[in-house]
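Everything on this sheet refers to the single structure shown next.
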Amino acid sequence: MRRLRIVAACAGFALALTSCGGGSTTPEAKGTGPDPTSKSQPTTRTVAPPAAPSVGDCRVLSYADISLYSNDSKSQPCSKPHTAFTFAVEQLPDDVAFDGVQIENDAVQSKAASACQDAYVAYIGGGTAERALTRLTVTYFVPKQAGFDAGAHWVRCDIVALKSDSSLADLPPQLEGFLDSGKTSDYDVCSRGDPSASGSSLVMCTQDHTYRAIAAIRLGESHATYPGEQATLSQGKQDCKQMISDLLGVSGGFTFSWTYPSTSDWSAGQRFGYCWNESTT
């Protein structure tokens with residue numbers, strides 16, 4: 001079964017950029033299973049539940065793999081190139097993980113996503129702005145339905161790096177506290193084309209690009225009302241221009257772009273605007 005299932009760890013970039021705002025707030029996992037609040041008769045388990053995965057495992061996953069609910073690919077030595085690293089294994093609470101519930105259920109997926117998101121924030125380091133400016137993100141997997149029904153209610157939390165909108169990159173050798181290391185530039189957010197224009201695409205900055213995101217500016221707290229498109233556009237452009245001017249030590253002669261959340265983005269929790277400088281390096 002497929003879904004768009006990258007966790008929006010901090011309103012960072014994960015999907016294709018839209019013209020109104022760059023944000024990689026990723027869609028919530030959508031489930032179609034039964035209501036987890038409904039009661040069902042216990043089942044008799046005749047098979048042992050599959051063992052939980054191990055923290056510290058490395059795997060080679062494709063971009064298509066991260067859209068799946070489950071993944072049982074073999075791990076490999078982390079000394080070899082790999083695109084996924086299991087940094088945490090969490091347990092689903094009994095109030096959503098019980099007999100009769102499908103793994104694609106909204107409540108199951110929401111709990112799985114939030115568990116991995118919380119673990120990721122503690123593990124990867126950095127503040128909210130640093131996490132919003134990296135192509136590193138977290139995805140998660142639960143057991144296949146048969147294993148889930150047998151009592152395996154774990155969640156595997158994996159870090160991946162989004163090289164482009166359809167491919168993953170090899171991961172650095174050390175990920176714990178990575179955003180505090182000062183060595184993150186290869187995994188920064190860049191854009192092919194003006195990020196405020198339709199048709200642009202997000203990439204890691206090791207890929208060919210025309211703009212680099214130099215700052216993620218928080219535009220409001222989670223409970224704040226949308227400030228309005230005109231205010232967000234005008235104030236953001238002014239702040240972004242000044243920021244790049246200070247960074248380059250010049251008053252003009254540079255090209256920049258400003259992307260910001262739309263009303264619907266804001267409703268989905270996206271609170272960052274992004275300041276971009278035209279740059280191919």
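In the structure tokens, the first chain shown is A, the next is B, and so on; residue numbers restart at 1 for each chain, and ligands run from 1 in the order shown.
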
Need to verify the contact set: range 53-67 of chain A, 7 Å, only C-alpha atoms, exclusion of same-chain residues closer than 3 positions in sequence. Can you return it as a compact mmCIF listing (two decimals) with N, CA, C and O atoms, in the first residue's frame?
```txt
# COMPACT_ATOMS: atom_id res chain seq x y z
N ARG A 2 0.45 2.27 -0.70
CA ARG A 2 1.26 3.47 -0.83
C ARG A 2 0.61 4.67 -0.18
O ARG A 2 -0.58 4.77 -0.05
N ARG A 3 1.43 5.60 0.19
CA ARG A 3 0.97 6.86 0.76
C ARG A 3 2.11 7.85 0.73
O ARG A 3 3.26 7.46 0.56
N LEU A 4 1.80 9.12 0.90
CA LEU A 4 2.83 10.11 1.10
C LEU A 4 3.07 10.16 2.60
O LEU A 4 2.22 10.55 3.37
N ARG A 5 4.23 9.75 3.04
CA ARG A 5 4.41 9.45 4.42
C ARG A 5 5.75 9.88 4.99
O ARG A 5 6.35 9.18 5.77
N LYS A 74 16.39 -5.94 4.14
CA LYS A 74 17.49 -6.31 5.01
C LYS A 74 18.39 -5.11 5.30
O LYS A 74 18.61 -4.25 4.45
N SER A 75 18.92 -5.10 6.49
CA SER A 75 19.90 -4.07 6.84
C SER A 75 21.26 -4.48 6.27
O SER A 75 21.46 -5.62 5.84
N GLN A 76 22.17 -3.52 6.26
CA GLN A 76 23.51 -3.78 5.77
C GLN A 76 24.49 -3.02 6.64
O GLN A 76 24.09 -2.13 7.41
N PRO A 77 25.79 -3.33 6.55
CA PRO A 77 26.76 -2.58 7.36
C PRO A 77 26.71 -1.08 7.06
O PRO A 77 26.65 -0.68 5.89
N CYS A 78 26.75 -0.29 8.09
CA CYS A 78 26.67 1.16 7.91
C CYS A 78 27.94 1.74 7.31
O CYS A 78 27.98 2.91 6.94
N HIS A 82 24.53 4.06 2.23
CA HIS A 82 23.16 3.72 2.60
C HIS A 82 22.30 4.97 2.57
O HIS A 82 22.79 6.09 2.72
N THR A 83 21.01 4.78 2.38
CA THR A 83 20.10 5.92 2.25
C THR A 83 19.10 6.01 3.40
O THR A 83 18.29 6.93 3.42
N ALA A 84 19.15 5.08 4.34
CA ALA A 84 18.24 5.12 5.48
C ALA A 84 18.96 4.62 6.72
O ALA A 84 19.73 3.66 6.67
N PHE A 85 18.69 5.29 7.84
CA PHE A 85 19.30 4.92 9.12
C PHE A 85 18.22 4.87 10.18
O PHE A 85 17.48 5.85 10.38
N THR A 86 18.11 3.75 10.86
CA THR A 86 17.11 3.59 11.92
C THR A 86 17.68 4.17 13.22
O THR A 86 18.59 3.60 13.81
N PHE A 87 17.15 5.31 13.61
CA PHE A 87 17.67 6.00 14.80
C PHE A 87 16.79 5.79 16.03
O PHE A 87 17.19 6.11 17.15
N ALA A 88 15.57 5.25 15.84
CA ALA A 88 14.69 5.01 16.97
C ALA A 88 13.68 3.94 16.60
O ALA A 88 13.32 3.79 15.43
N VAL A 89 13.24 3.20 17.60
CA VAL A 89 12.13 2.26 17.46
C VAL A 89 11.17 2.54 18.61
O VAL A 89 11.55 2.45 19.77
N THR A 139 11.25 9.39 8.10
CA THR A 139 10.13 8.60 7.64
C THR A 139 9.94 7.46 8.63
O THR A 139 10.77 7.27 9.53
N ARG A 156 9.23 1.83 13.27
CA ARG A 156 10.64 2.04 12.92
C ARG A 156 10.82 3.44 12.38
O ARG A 156 10.18 3.83 11.39
N SER A 166 12.48 13.05 -6.35
CA SER A 166 12.20 11.65 -6.67
C SER A 166 13.35 10.72 -6.34
O SER A 166 13.37 9.57 -6.78
N SER A 167 14.32 11.20 -5.56
CA SER A 167 15.46 10.33 -5.24
C SER A 167 16.01 10.65 -3.86
O SER A 167 15.86 11.77 -3.35
N LEU A 168 16.66 9.66 -3.27
CA LEU A 168 17.30 9.80 -1.97
C LEU A 168 18.81 9.87 -2.14
O LEU A 168 19.37 9.35 -3.11
```

DSSP on the backbone, then: every residue of range 39-235 of chain A marked strand (DSSP E or B), written as a PyMOL selection string.
chain A and resi 58-59+68+76+84-91+134+136-141+154-162+168+188-192+201-204+211-218

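When CA of Tyr69 in chain A is paired with CA of Asp99 in chain A, their separation reads 17.9 Å.
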
Counting only C-alpha atoms, what is within 12 Å of Met243 in chain A, bar same-chain residues fewer than 2 positions away, as an NGL selection string?
:A and (213-217 or 236-241 or 245-252 or 254 or 256-258 or 274-277)

Using only C-alpha atoms, pick whichever of A:Tyr211, A:Pro49, A:Lys183, A:Arg218 has the shortest atom-to-atom distance to Ala150 in chain A.
A:Pro49

Check range 38-129 of chain A with DSSP on the backbone and list each residue it calls alpha helix (DSSP H), as a list in words.
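Everything in range 38-129 of chain A that counts as alpha helix (DSSP H) is Asp106, Ala107, Val108, Gln109, Ser110, Lys111, Ala112, Ala113, Ser114, Ala115, Cys116, Gln117, Asp118, Ala119, Tyr120, Val121, Ala122, Tyr123, Ile124, Thr128 and Ala129 of chain A.
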
Let's have the selection written as an mmCIF file, in the first residue's frame, with C-alpha atoms.
```
data_model
loop_
_atom_site.group_PDB
_atom_site.id
_atom_site.type_symbol
_atom_site.label_atom_id
_atom_site.label_comp_id
_atom_site.auth_asym_id
_atom_site.auth_seq_id
_atom_site.Cartn_x
_atom_site.Cartn_y
_atom_site.Cartn_z
ATOM 1 C CA ASP A 106 -5.525 7.569 10.660
ATOM 2 C CA ALA A 107 -4.975 7.244 14.397
ATOM 3 C CA VAL A 108 -2.303 4.568 13.992
ATOM 4 C CA GLN A 109 -0.474 6.627 11.379
ATOM 5 C CA SER A 110 -0.762 9.866 13.346
ATOM 6 C CA LYS A 111 0.706 8.278 16.486
ATOM 7 C CA ALA A 112 3.490 6.664 14.472
ATOM 8 C CA ALA A 113 4.354 9.971 12.797
ATOM 9 C CA SER A 114 4.335 11.993 16.025
ATOM 10 C CA ALA A 115 6.459 9.421 17.866
ATOM 11 C CA CYS A 116 9.144 9.537 15.184
ATOM 12 C CA GLN A 117 8.920 13.314 14.868
ATOM 13 C CA ASP A 118 9.560 13.805 18.575
ATOM 14 C CA ALA A 119 12.446 11.338 18.514
ATOM 15 C CA TYR A 120 13.946 13.012 15.433
ATOM 16 C CA VAL A 121 13.946 16.486 16.975
ATOM 17 C CA ALA A 122 15.864 15.177 19.986
ATOM 18 C CA TYR A 123 18.279 13.120 17.874
ATOM 19 C CA ILE A 124 19.256 15.296 14.905
ATOM 20 C CA THR A 128 13.525 24.678 14.320
ATOM 21 C CA ALA A 129 15.130 26.963 11.708
#
```

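Between CA of Gln235 in chain A and CA of Cys190 in chain A the interatomic distance comes to 22.4 Å.
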
Compile the contact shell of His153 in chain A as a list in words: residues with an atom at most 7 Å away, counting only C-alpha atoms, same-chain residues fewer than 4 positions apart removed.
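Near neighbours after the sequence-gap exclusion: Gln91, Leu92, Ala97 and Phe148 of chain A.
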
For the residues in the current selection, export all heavy atoms as a PDB file, in the first residue's frame.
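The file below, result-v1.pdb, is the result:
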```pdb
ATOM      1  N   GLN A  91       7.006   2.411  20.329  1.00  0.00           N
ATOM      2  CA  GLN A  91       5.859   1.525  20.483  1.00  0.00           C
ATOM      3  C   GLN A  91       4.562   2.332  20.403  1.00  0.00           C
ATOM      4  O   GLN A  91       4.458   3.409  20.999  1.00  0.00           O
ATOM      5  CB  GLN A  91       5.914   0.795  21.830  1.00  0.00           C
ATOM      6  CG  GLN A  91       6.989  -0.275  21.918  1.00  0.00           C
ATOM      7  CD  GLN A  91       6.718  -1.453  20.989  1.00  0.00           C
ATOM      8  OE1 GLN A  91       5.582  -1.903  20.848  1.00  0.00           O
ATOM      9  NE2 GLN A  91       7.776  -1.971  20.367  1.00  0.00           N
ATOM     10  N   LEU A  92       3.603   1.825  19.651  1.00  0.00           N
ATOM     11  CA  LEU A  92       2.301   2.471  19.570  1.00  0.00           C
ATOM     12  C   LEU A  92       1.520   2.226  20.849  1.00  0.00           C
ATOM     13  O   LEU A  92       1.579   1.131  21.416  1.00  0.00           O
ATOM     14  CB  LEU A  92       1.507   1.938  18.379  1.00  0.00           C
ATOM     15  CG  LEU A  92       2.028   2.314  16.995  1.00  0.00           C
ATOM     16  CD1 LEU A  92       1.337   1.482  15.927  1.00  0.00           C
ATOM     17  CD2 LEU A  92       1.831   3.793  16.731  1.00  0.00           C
ATOM     18  N   ALA A  97      -3.497   0.877  18.996  1.00  0.00           N
ATOM     19  CA  ALA A  97      -2.978  -0.377  18.451  1.00  0.00           C
ATOM     20  C   ALA A  97      -3.614  -1.539  19.195  1.00  0.00           C
ATOM     21  O   ALA A  97      -3.148  -1.952  20.256  1.00  0.00           O
ATOM     22  CB  ALA A  97      -1.458  -0.417  18.574  1.00  0.00           C
ATOM     23  N   PHE A 148       1.271  -6.992  12.599  1.00  0.00           N
ATOM     24  CA  PHE A 148       0.549  -6.093  13.497  1.00  0.00           C
ATOM     25  C   PHE A 148      -0.549  -6.859  14.229  1.00  0.00           C
ATOM     26  O   PHE A 148      -0.723  -6.732  15.446  1.00  0.00           O
ATOM     27  CB  PHE A 148      -0.041  -4.941  12.690  1.00  0.00           C
ATOM     28  CG  PHE A 148      -0.577  -3.797  13.504  1.00  0.00           C
ATOM     29  CD1 PHE A 148       0.235  -2.742  13.857  1.00  0.00           C
ATOM     30  CD2 PHE A 148      -1.898  -3.782  13.902  1.00  0.00           C
ATOM     31  CE1 PHE A 148      -0.253  -1.678  14.606  1.00  0.00           C
ATOM     32  CE2 PHE A 148      -2.405  -2.731  14.643  1.00  0.00           C
ATOM     33  CZ  PHE A 148      -1.583  -1.675  14.998  1.00  0.00           C
TER      34      PHE A 148
END
```

Which one of A:Glu229, A:Asp194, A:Asp208, A:Glu278 sits closest to Ser264 in chain A if you count only C-alpha atoms?
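Result for the nearest residue to Ser264 in chain A: A:Glu229.
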